[in-house]
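Shown next: entry39.cif, containing mmCIF, C-alpha atoms.
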data_my_file
loop_
_atom_site.label_atom_id
_atom_site.label_comp_id
_atom_site.auth_asym_id
_atom_site.auth_seq_id
_atom_site.Cartn_x
_atom_site.Cartn_y
_atom_site.Cartn_z
CA MET G 207 129.63 36.73 42.94
CA ALA G 208 129.03 40.27 41.79
CA SER G 209 125.97 41.94 43.15
CA GLU G 210 122.91 42.54 41.02
CA HIS G 211 123.90 46.20 40.55
CA SER G 212 127.47 45.61 39.48
CA PRO G 213 128.15 46.85 35.93
CA LEU G 214 129.49 43.43 35.12
CA ALA G 215 126.44 41.53 36.39
CA GLN G 216 124.87 41.79 32.93
CA PHE G 217 127.56 39.51 31.52
CA GLU G 218 126.88 36.65 33.90
CA ILE G 219 125.84 33.34 32.42
CA LYS G 220 122.63 32.03 33.93
CA ARG G 221 121.62 28.44 33.32
CA LEU G 222 117.95 28.49 32.34
CA VAL G 223 117.73 24.73 31.73
CA GLU G 224 120.40 22.56 33.26
CA MET G 225 121.55 19.90 30.81
CA ASN G 226 124.41 17.44 30.85
CA VAL G 227 125.39 15.11 28.05
CA GLY G 228 128.11 12.57 28.90
CA GLY G 229 129.68 14.79 31.51
CA LEU G 230 129.62 17.82 29.20
CA ASP G 231 127.69 20.81 30.45
CA VAL G 232 125.29 21.73 27.64
CA SER G 233 122.88 23.77 29.75
CA PHE G 234 120.56 26.12 27.96
CA THR G 235 121.75 29.49 29.28
CA ASN G 236 120.71 33.09 28.76
CA ALA G 237 123.51 33.26 26.17
CA SER G 238 122.04 30.24 24.37
CA LEU G 239 118.60 31.85 24.47
CA PHE G 240 119.86 34.98 22.73
CA MET G 241 121.80 32.98 20.16
CA VAL G 242 118.55 31.20 19.31
CA ILE G 243 116.66 34.50 19.26
CA ALA G 244 119.34 35.99 16.99
CA ILE G 245 119.23 33.21 14.40
CA ALA G 246 115.41 33.18 14.53
CA ALA G 247 115.34 36.96 14.03
CA ILE G 248 117.82 36.78 11.13
CA THR G 249 115.91 34.02 9.39
CA LEU G 250 112.58 35.73 9.97
CA PHE G 251 113.93 39.06 8.77
CA LEU G 252 115.44 37.65 5.57
CA THR G 253 112.52 35.39 4.64
CA TRP G 254 109.57 37.49 5.80
CA SER G 255 110.88 40.64 4.12
CA MET G 256 111.45 38.77 0.84
CA ARG G 257 108.04 37.03 0.87
CA GLY G 258 106.62 39.49 -1.69
CA ARG G 259 109.54 38.92 -4.07
CA ALA G 260 108.66 42.36 -5.39
CA MET G 261 110.29 43.74 -8.53
CA VAL G 262 110.35 47.13 -6.81
CA PRO G 263 111.31 46.40 -3.20
CA GLY G 264 109.64 47.91 -0.17
CA ARG G 265 111.48 49.01 2.94
CA MET G 266 111.98 45.62 4.53
CA GLN G 267 112.87 43.94 1.26
CA SER G 268 115.36 46.73 0.53
CA MET G 269 117.03 46.11 3.88
CA ALA G 270 117.35 42.39 3.19
CA GLU G 271 118.70 43.07 -0.31
CA ILE G 272 121.12 45.69 0.98
CA SER G 273 122.47 43.22 3.57
CA TYR G 274 122.98 40.69 0.80
CA GLU G 275 124.62 43.14 -1.58
CA PHE G 276 126.71 44.66 1.20
CA ILE G 277 128.43 41.34 1.87
CA ALA G 278 128.46 40.34 -1.80
CA ASN G 279 130.31 43.55 -2.68
CA MET G 280 132.60 43.18 0.30
CA ILE G 281 133.68 39.77 -0.95
CA LYS G 282 133.91 40.94 -4.56
CA ASP G 283 136.10 43.93 -3.61
CA ASN G 284 138.32 42.19 -1.04
CA VAL G 285 138.56 38.60 -2.21
CA GLY G 286 137.56 38.57 -5.86
CA SER G 287 135.47 36.22 -7.92
CA ASP G 288 136.86 33.03 -6.35
CA GLY G 289 135.55 34.22 -2.98
CA ARG G 290 131.96 33.72 -4.14
CA LYS G 291 131.65 30.23 -2.73
CA TYR G 292 132.51 31.53 0.75
CA PHE G 293 129.68 34.07 0.53
CA PRO G 294 127.22 32.05 2.66
CA PHE G 295 129.78 31.71 5.44
CA ILE G 296 130.79 35.39 5.52
CA PHE G 297 127.14 36.39 5.27
CA THR G 298 126.18 34.10 8.17
CA LEU G 299 129.09 35.41 10.21
CA PHE G 300 128.19 39.05 9.56
CA MET G 301 124.48 38.61 10.23
CA PHE G 302 125.11 36.59 13.40
CA VAL G 303 127.52 39.14 14.88
CA LEU G 304 125.35 42.07 13.77
CA PHE G 305 122.16 40.66 15.26
CA CYS G 306 123.86 39.60 18.50
CA ASN G 307 125.28 43.13 18.81
CA LEU G 308 121.97 44.81 18.01
CA LEU G 309 119.87 42.53 20.21
CA GLY G 310 122.22 43.42 23.05
CA MET G 311 121.17 47.06 22.66
CA ILE G 312 117.66 46.26 23.81
CA PRO G 313 117.37 46.76 27.60
CA TYR G 314 117.30 43.59 29.73
CA THR G 315 118.71 41.47 26.94
CA PHE G 316 121.96 39.55 26.93
CA THR G 317 124.81 40.45 24.61
CA VAL G 318 126.20 37.22 23.22
CA THR G 319 129.17 38.97 21.60
CA SER G 320 130.30 40.38 24.95
CA GLN G 321 131.49 36.86 25.84
CA ILE G 322 135.15 36.37 24.97
CA ILE G 323 134.65 32.65 24.49
CA VAL G 324 131.99 33.27 21.83
CA THR G 325 133.99 35.85 19.88
CA PHE G 326 137.11 33.75 20.22
CA ALA G 327 135.31 30.67 18.93
CA LEU G 328 134.09 32.63 15.89
CA ALA G 329 137.55 34.11 15.28
CA ALA G 330 139.17 30.70 15.69
CA LEU G 331 136.67 29.25 13.23
CA VAL G 332 137.68 31.91 10.70
CA PHE G 333 141.39 31.46 11.44
CA ILE G 334 141.37 27.68 11.20
CA GLY G 335 139.11 27.67 8.15
CA VAL G 336 141.23 30.22 6.32
CA THR G 337 144.46 28.43 7.19
CA LEU G 338 143.06 25.11 5.96
CA ILE G 339 141.87 26.75 2.73
CA GLY G 340 145.36 28.16 2.23
CA ILE G 341 147.04 24.83 2.85
CA PHE G 342 144.63 22.87 0.61
CA LYS G 343 144.92 25.40 -2.17
CA HIS G 344 148.68 25.96 -2.14
CA GLY G 345 150.21 23.05 -0.24
CA PHE G 346 153.74 23.78 0.95
CA LYS G 347 153.73 26.99 -1.05
CA PHE G 348 151.44 28.36 1.65
CA LEU G 349 154.55 28.74 3.84
CA THR G 350 155.88 31.39 1.44
CA PHE G 351 153.12 33.56 2.84
CA PHE G 352 155.41 34.17 5.82
CA VAL G 353 158.32 35.24 3.60
CA PRO G 354 157.88 38.77 2.30
CA SER G 355 159.14 39.05 -1.28
CA GLY G 356 161.76 41.57 -2.38
CA VAL G 357 163.43 41.74 1.03
CA PRO G 358 167.17 41.20 1.64
CA VAL G 359 167.96 37.81 3.17
CA VAL G 360 169.42 39.42 6.29
CA LEU G 361 166.14 41.12 7.04
CA LEU G 362 164.20 37.88 6.57
CA VAL G 363 165.72 36.62 9.83
CA ILE G 364 163.75 39.34 11.60
CA LEU G 365 160.74 39.58 9.29
CA VAL G 366 159.75 35.92 9.08
CA PRO G 367 159.21 35.54 12.86
CA ILE G 368 157.26 38.81 12.83
CA GLU G 369 155.07 37.55 10.00
CA ILE G 370 154.45 34.27 11.81
CA ILE G 371 153.59 35.97 15.08
CA SER G 372 151.30 38.47 13.37
CA TYR G 373 149.54 35.60 11.62
CA PHE G 374 148.89 33.70 14.83
CA VAL G 375 147.81 36.83 16.65
CA ARG G 376 144.99 37.28 14.15
CA PRO G 377 142.34 35.19 15.95
CA ILE G 378 143.17 36.93 19.24
CA SER G 379 142.98 40.45 17.83
CA LEU G 380 139.84 39.59 15.88
CA SER G 381 138.03 38.19 18.91
CA VAL G 382 139.29 40.69 21.48
CA ARG G 383 138.36 43.65 19.27
CA LEU G 384 134.70 42.62 19.15
CA PHE G 385 134.54 41.42 22.75
CA ALA G 386 136.24 44.53 24.17
CA ASN G 387 134.01 46.90 22.21
CA MET G 388 130.85 45.19 23.42
CA LEU G 389 132.12 44.84 26.99
CA ALA G 390 133.25 48.49 27.21
CA GLY G 391 130.08 49.92 25.71
CA HIS G 392 127.69 47.92 27.85
CA THR G 393 129.71 48.44 31.01
CA LEU G 394 129.83 52.19 30.39
CA LEU G 395 126.07 52.32 29.84
CA LYS G 396 125.51 50.41 33.07
CA VAL G 397 127.94 52.60 35.05
CA PHE G 398 126.31 55.80 33.88
CA GLY G 399 122.91 54.24 34.51
CA GLY G 400 124.07 53.77 38.11
CA PHE G 401 125.09 57.46 38.24
CA VAL G 402 121.60 58.50 37.17
CA VAL G 403 120.13 56.74 40.18
CA SER G 404 122.78 57.86 42.69
CA LEU G 405 122.79 61.52 41.59
CA GLY G 406 119.04 61.73 41.91
CA ILE G 407 116.46 63.92 40.28
CA TYR G 408 118.56 67.11 40.05
CA LEU G 409 121.96 66.04 38.81
CA GLY G 410 120.92 62.69 37.36
CA TRP G 411 119.96 64.31 34.07
CA LEU G 412 123.60 64.80 33.14
CA PRO G 413 124.52 61.09 33.03
CA LEU G 414 121.10 60.36 31.52
CA GLY G 415 121.90 62.69 28.61
CA PHE G 416 125.25 61.01 28.28
CA ILE G 417 123.57 57.61 28.12
CA VAL G 418 121.32 58.82 25.30
CA VAL G 419 124.34 59.95 23.29
CA LEU G 420 126.29 56.82 24.16
CA THR G 421 123.40 54.61 23.08
CA GLY G 422 123.54 56.17 19.64
CA LEU G 423 127.26 55.57 19.54
CA GLU G 424 126.77 51.98 20.66
CA PHE G 425 124.40 51.31 17.75
CA LEU G 426 127.14 52.56 15.46
CA VAL G 427 129.69 50.36 17.21
CA ALA G 428 127.33 47.37 16.97
CA PHE G 429 127.19 47.73 13.20
CA LEU G 430 130.81 48.75 12.80
CA GLN G 431 132.18 45.79 14.73
CA ALA G 432 130.09 43.34 12.73
CA TYR G 433 131.43 45.03 9.59
CA VAL G 434 135.02 44.92 10.84
CA PHE G 435 134.67 41.26 11.79
CA ALA G 436 133.34 40.37 8.35
CA ILE G 437 135.81 42.46 6.36
CA LEU G 438 138.81 41.15 8.29
CA SER G 439 137.58 37.62 7.64
CA CYS G 440 137.42 38.56 3.95
CA LEU G 441 140.97 39.92 4.03
CA TYR G 442 142.30 36.79 5.76
CA LEU G 443 140.46 34.69 3.20
CA ASN G 444 142.02 36.74 0.42
CA ASP G 445 145.49 36.20 1.88
CA ALA G 446 144.90 32.45 1.98
CA LEU G 447 143.54 32.32 -1.57
CA HIS G 448 146.05 34.61 -3.25
CA LEU G 449 149.08 34.69 -0.90
CA HIS G 450 149.47 38.41 -1.55
CA HIS G 451 152.52 40.10 -0.23
CA MET H 1217 134.96 39.31 35.13
CA PRO H 1218 132.15 36.77 34.58
CA GLN H 1219 133.31 36.15 31.01
CA LEU H 1220 136.41 34.37 32.26
CA ASN H 1221 134.57 31.73 34.22
CA ILE H 1222 135.80 28.57 32.51
CA ALA H 1223 132.89 26.49 33.79
CA ASP H 1224 130.59 28.62 31.58
CA PHE H 1225 132.56 27.94 28.42
CA PRO H 1226 131.25 24.49 27.38
CA PRO H 1227 127.52 25.37 27.23
CA GLN H 1228 128.28 28.53 25.26
CA LEU H 1229 130.52 26.76 22.79
CA VAL H 1230 127.99 23.96 22.32
CA TRP H 1231 125.09 26.31 21.74
CA LEU H 1232 127.18 28.60 19.55
CA ALA H 1233 128.07 25.60 17.39
CA ILE H 1234 124.45 24.48 17.19
CA THR H 1235 123.00 27.92 16.42
CA PHE H 1236 125.77 28.90 14.00
CA VAL H 1237 125.48 25.68 12.00
CA VAL H 1238 121.68 25.96 11.91
CA LEU H 1239 121.93 29.58 10.82
CA TYR H 1240 124.49 28.69 8.15
CA PHE H 1241 122.17 26.13 6.60
CA LEU H 1242 119.16 28.42 6.87
CA MET H 1243 121.14 31.16 5.10
CA ALA H 1244 122.74 28.93 2.49
CA LYS H 1245 119.61 26.95 1.63
CA VAL H 1246 116.73 29.38 2.23
CA ALA H 1247 117.55 33.05 2.70
CA ILE H 1248 120.40 33.59 0.22
CA PRO H 1249 118.78 31.75 -2.72
CA GLY H 1250 115.56 33.69 -2.05
CA ILE H 1251 117.31 37.04 -2.19
CA SER H 1252 119.58 36.20 -5.09
CA ASP H 1253 116.60 34.92 -7.12
CA VAL H 1254 114.82 38.22 -6.70
CA LEU H 1255 117.96 40.23 -7.49
CA GLU H 1256 118.69 38.08 -10.53
CA SER H 1257 115.19 38.31 -11.95
CA ARG H 1258 115.29 42.07 -11.42
CA GLN H 1259 118.65 42.25 -13.19
CA ASN H 1260 117.26 40.18 -16.07
CA ARG H 1261 114.21 42.40 -16.25
CA ILE H 1262 116.40 45.51 -16.32
CA THR H 1263 118.64 44.02 -18.99
CA SER H 1264 115.72 43.00 -21.19
CA ASP H 1265 114.05 46.38 -20.69
CA LEU H 1266 117.27 48.12 -21.65
CA GLU H 1267 117.57 45.95 -24.75
CA GLU H 1268 113.98 46.72 -25.66
CA ALA H 1269 114.63 50.42 -25.20
CA LYS H 1270 117.74 50.18 -27.34
CA ARG H 1271 115.81 48.38 -30.07
CA LEU H 1272 113.04 50.98 -30.00
CA SER H 1273 115.52 53.81 -30.11
CA GLU H 1274 117.20 52.21 -33.12
CA ASP H 1275 113.81 51.90 -34.80
CA ALA H 1276 113.13 55.54 -34.12
CA ASP H 1277 116.53 56.51 -35.54
CA LYS H 1278 115.83 54.49 -38.66
CA ALA H 1279 112.40 56.09 -39.08
CA LYS H 1280 113.98 59.50 -38.69
CA ALA H 1281 116.63 58.71 -41.31
CA ASP H 1282 113.92 57.45 -43.69
CA TYR H 1283 111.88 60.57 -43.15
CA GLU H 1284 114.87 62.82 -43.75
CA GLU H 1285 115.75 60.93 -46.91
CA ALA H 1286 112.20 61.29 -48.23
CA LEU H 1287 112.24 64.96 -47.32
CA ALA H 1288 115.53 65.53 -49.16
CA GLU H 1289 114.17 63.67 -52.17
CA ALA H 1290 111.01 65.77 -52.21
CA ARG H 1291 113.07 68.89 -51.89
CA ALA H 1292 115.29 67.92 -54.80
CA LYS H 1293 112.21 67.11 -56.88
CA ALA H 1294 110.60 70.46 -56.09
CA HIS H 1295 113.84 72.21 -56.90
CA GLY H 1296 113.98 70.43 -60.27
CA ILE H 1297 110.40 71.39 -61.09
CA VAL H 1298 111.03 75.01 -60.20
CA SER H 1299 114.22 75.28 -62.26
CA GLU H 1300 112.55 73.53 -65.20
CA LEU H 1301 109.67 75.94 -65.02
CA LYS H 1302 112.07 78.88 -64.80
CA ALA H 1303 113.94 77.66 -67.86
CA SER H 1304 110.80 77.22 -69.94
CA ILE H 1305 109.50 80.64 -68.94
CA ALA H 1306 112.83 82.21 -69.86
CA LYS H 1307 112.76 80.43 -73.22
CA GLU H 1308 109.24 81.65 -73.91
CA GLN H 1309 110.22 85.15 -72.93
CA ASP H 1310 113.26 85.04 -75.22
CA ALA H 1311 111.13 83.85 -78.10
CA SER H 1312 108.49 86.53 -77.71
CA LYS H 1313 111.18 89.17 -77.29
CA ALA H 1314 112.88 88.10 -80.50
CA GLU H 1315 109.52 88.15 -82.29
CA LEU H 1316 108.84 91.63 -81.00
CA ASP H 1317 112.34 92.77 -82.01
CA ALA H 1318 111.86 91.43 -85.50
CA LYS H 1319 108.45 93.12 -85.80
CA LEU H 1320 109.86 96.43 -84.61
CA ALA H 1321 112.85 96.18 -86.95
CA LYS H 1322 110.50 95.48 -89.85
CA ARG H 1323 108.36 98.46 -88.96
CA ALA H 1324 111.40 100.72 -88.58
CA GLN H 1325 112.61 99.57 -91.97
CA ALA H 1326 109.23 100.31 -93.56
CA ALA H 1327 109.18 103.72 -91.94
CA GLU H 1328 112.69 104.45 -93.17
CA THR H 1329 111.74 103.42 -96.68
CA SER H 1330 108.67 105.66 -96.72
CA ILE H 1331 110.72 108.53 -95.29
CA ARG H 1332 113.33 108.07 -97.99
CA ALA H 1333 110.61 108.00 -100.70
CA ALA H 1334 109.01 111.14 -99.31
CA LYS H 1335 112.42 112.83 -99.23
CA GLU H 1336 113.11 111.86 -102.80
CA THR H 1337 109.72 113.10 -103.90
CA ALA H 1338 110.30 116.32 -102.01
CA LEU H 1339 113.74 116.72 -103.59
CA SER H 1340 112.39 116.13 -107.10
CA HIS H 1341 109.67 118.72 -106.44
CA VAL H 1342 112.38 121.14 -105.27
CA ARG H 1343 114.05 120.88 -108.69
CA GLU H 1344 110.75 121.46 -110.48
CA ILE H 1345 109.90 124.46 -108.32
CA ALA H 1346 113.40 125.88 -108.75
CA ALA H 1347 113.12 125.53 -112.53
CA ASP H 1348 109.71 127.16 -112.56
CA THR H 1349 110.87 130.01 -110.35
CA ALA H 1350 114.02 130.48 -112.41
CA LYS H 1351 112.01 130.49 -115.67
CA SER H 1352 109.50 133.03 -114.37
CA ALA H 1353 112.26 135.14 -112.86
CA VAL H 1354 114.23 135.13 -116.12
CA ALA H 1355 111.07 136.01 -118.10
CA LYS H 1356 110.34 138.86 -115.76
CA LEU H 1357 113.87 140.14 -115.69
CA VAL H 1358 114.85 139.81 -119.32
CA ALA H 1359 111.58 139.05 -120.97
CA ILE H 1360 112.86 136.12 -122.73
CA ASP H 1361 110.95 132.98 -122.88
CA VAL H 1362 113.50 130.43 -121.90
CA SER H 1363 112.72 126.98 -122.94
CA ASP H 1364 112.05 124.46 -120.25
CA LYS H 1365 114.99 122.37 -121.41
CA ASP H 1366 117.51 125.16 -120.87
CA VAL H 1367 116.16 126.04 -117.44
CA GLU H 1368 116.32 122.51 -116.31
CA ALA H 1369 119.90 122.22 -117.54
CA ALA H 1370 120.83 125.42 -115.73
CA VAL H 1371 119.22 124.22 -112.45
CA ALA H 1372 120.96 120.93 -112.77
CA SER H 1373 124.33 122.60 -113.30
CA SER H 1374 123.84 125.03 -110.33
CA MET H 1375 122.80 122.19 -108.08
CA LYS H 1376 125.86 120.29 -109.20
CA GLY H 1377 128.00 123.33 -108.40
CA ASP H 1378 126.47 123.51 -104.92
CA ALA H 1379 127.26 119.98 -104.25
#

Written as structure tokens, how would this file's structure read?
Amino acid sequence: MASEHSPLAQFEIKRLVEMNVGGLDVSFTNASLFMVIAIAAITLFLTWSMRGRAMVPGRMQSMAEISYEFIANMIKDNVGSDGRKYFPFIFTLFMFVLFCNLLGMIPYTFTVTSQIIVTFALAALVFIGVTLIGIFKHGFKFLTFFVPSGVPVVLLVILVPIEIISYFVRPISLSVRLFANMLAGHTLLKVFGGFVVSLGIYLGWLPLGFIVVLTGLEFLVAFLQAYVFAILSCLYLNDALHLHH
Amino acid sequence: MPQLNIADFPPQLVWLAITFVVLYFLMAKVAIPGISDVLESRQNRITSDLEEAKRLSEDADKAKADYEEALAEARAKAHGIVSELKASIAKEQDASKAELDAKLAKRAQAAETSIRAAKETALSHVREIAADTAKSAVAKLVAIDVSDKDVEAAVASSMKGDA
């Protein structure tokens, strides 16, 4: 087990309430706690800020409306009008990832999205969902997605396997991108935090200044990765709906 | 890396599924309708306000066109009155001028007539005086009493010769 001061100690799962249902470990962990906090915060934010239902929105209401319009426009631009019915899913995905990322920026919290199993589960959900949508919508024609049009037959021998591999790599790249960003950022913050202590009162200011800058960057990354996760989901959805190539 | 501890996977997956599904329903049933209602009512309000503004602007345009039409009409009317007035004044002036011309012509004619009469009188007197002078001159020169008839004939013939 890593020591309490290891930069990776922050990613350890701690079982707060041990639970077991039919041999399955369903313990309420620190990760579970922050998932619950995240969905509570999202719901509170979106309902409390809209409680006034003001014609001219205030700050909080503007933020809620901007979140809504941000995802609505993302779907409109990347998927089109038939993507509208997937709006609640993409919106939920974006808000969940964004709030998990942002909550992780608060000291002593747990970053849910720094767990590969969580990001992979979300990416797999997107991947499987999108693939099923494609198959239900197009049937066998969905397989033409792997055959680029306007390419000589000889090249297809090489291109079709590449297309298939790149398709199945999607959930891995989607999940690893988010996980690696969160892991790297939080580890770096922790490492430089350790430097502050070990360098002491005279030289410790240097890493401290670096942490301040890095924290700003991490807030950007927290938003950016949620955005990337949502927009890639939109693009995959668009591929499944329209089989563009 | 603690993230790769497979024993920790099941509780995370279970709780992720629970929280994500709960969040999805909260978003789909509560949060999203709430926001879209507000956005929609605002959009409707904006649309109706824009329509109202358009209607009012059309009304204003119409009022302006009416006003300009009335103004043009009034202008044309005023123009007509002025030109009518000008014409009648010119007519009056012409009439009075003609009257004056006629009066002056009449007067000039009368003056001419009187001048001619005076001239004729003067000319007839000239003949008389010439006859008298000739008679007295003859009497003085030759001491003959020439009869008036002869003198007058002589004057007449000399005047004829002059002419």

(message) Show me, as a ChimeraX atom specification, every residue of chain H with an atom at most 9 Å from chain G, counting all atoms listed in the file.
(response) /H:1217-1220,1223-1233,1235-1236,1238-1244,1246-1248,1250-1255,1257-1258,1261

(request) Have a look at CA of Leu414 (chain G) and CA of Gly400 (chain G) and let me know their distance in Å, one decimal. (result)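 Atom-to-atom, CA of Leu414 (chain G) and CA of Gly400 (chain G) are spaced 9.8 Å apart.
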
(request) Using CA of Phe316 (chain G) and CA of Ala247 (chain G) as the two end points, give the distance in Å to one decimal. (result)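 It comes out at 14.7 Å.
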
(request) May I ask for the distance between CA of Pro367 (chain G) and CA of Leu449 (chain G), given in Å to one decimal place? (result)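 Calculated distance between CA of Pro367 (chain G) and CA of Leu449 (chain G) is 17.1 Å.
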
(request) Considering only C-alpha atoms, state which residue in the set G:His392, G:Thr317, G:Lys343, G:Leu380 is at the smallest distance from Asp288 (chain G). (result)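 Checking each candidate against Asp288 (chain G), we get G:Lys343 as the closest.
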
For Ala1370 (chain H), list every protein, DNA or RNA residue within 12 Å, evaluated using all atoms listed in the file, and leave out those in the same chain fewer than 3 positions away; present the list as a PDB file with C-alpha atoms, keeping the file's coordinate frame.
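File produced: around-v7.pdb:
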ATOM      1  CA  ARG H1343     114.050 120.880-108.690  1.00  0.00           C
ATOM      2  CA  ALA H1346     113.400 125.880-108.750  1.00  0.00           C
ATOM      3  CA  ALA H1347     113.120 125.530-112.530  1.00  0.00           C
ATOM      4  CA  ASP H1348     109.710 127.160-112.560  1.00  0.00           C
ATOM      5  CA  ALA H1350     114.020 130.480-112.410  1.00  0.00           C
ATOM      6  CA  LYS H1351     112.010 130.490-115.670  1.00  0.00           C
ATOM      7  CA  VAL H1354     114.230 135.130-116.120  1.00  0.00           C
ATOM      8  CA  VAL H1362     113.500 130.430-121.900  1.00  0.00           C
ATOM      9  CA  SER H1363     112.720 126.980-122.940  1.00  0.00           C
ATOM     10  CA  ASP H1364     112.050 124.460-120.250  1.00  0.00           C
ATOM     11  CA  LYS H1365     114.990 122.370-121.410  1.00  0.00           C
ATOM     12  CA  ASP H1366     117.510 125.160-120.870  1.00  0.00           C
ATOM     13  CA  VAL H1367     116.160 126.040-117.440  1.00  0.00           C
ATOM     14  CA  SER H1373     124.330 122.600-113.300  1.00  0.00           C
ATOM     15  CA  SER H1374     123.840 125.030-110.330  1.00  0.00           C
ATOM     16  CA  MET H1375     122.800 122.190-108.080  1.00  0.00           C
ATOM     17  CA  LYS H1376     125.860 120.290-109.200  1.00  0.00           C
ATOM     18  CA  GLY H1377     128.000 123.330-108.400  1.00  0.00           C
TER      19      GLY H1377
END
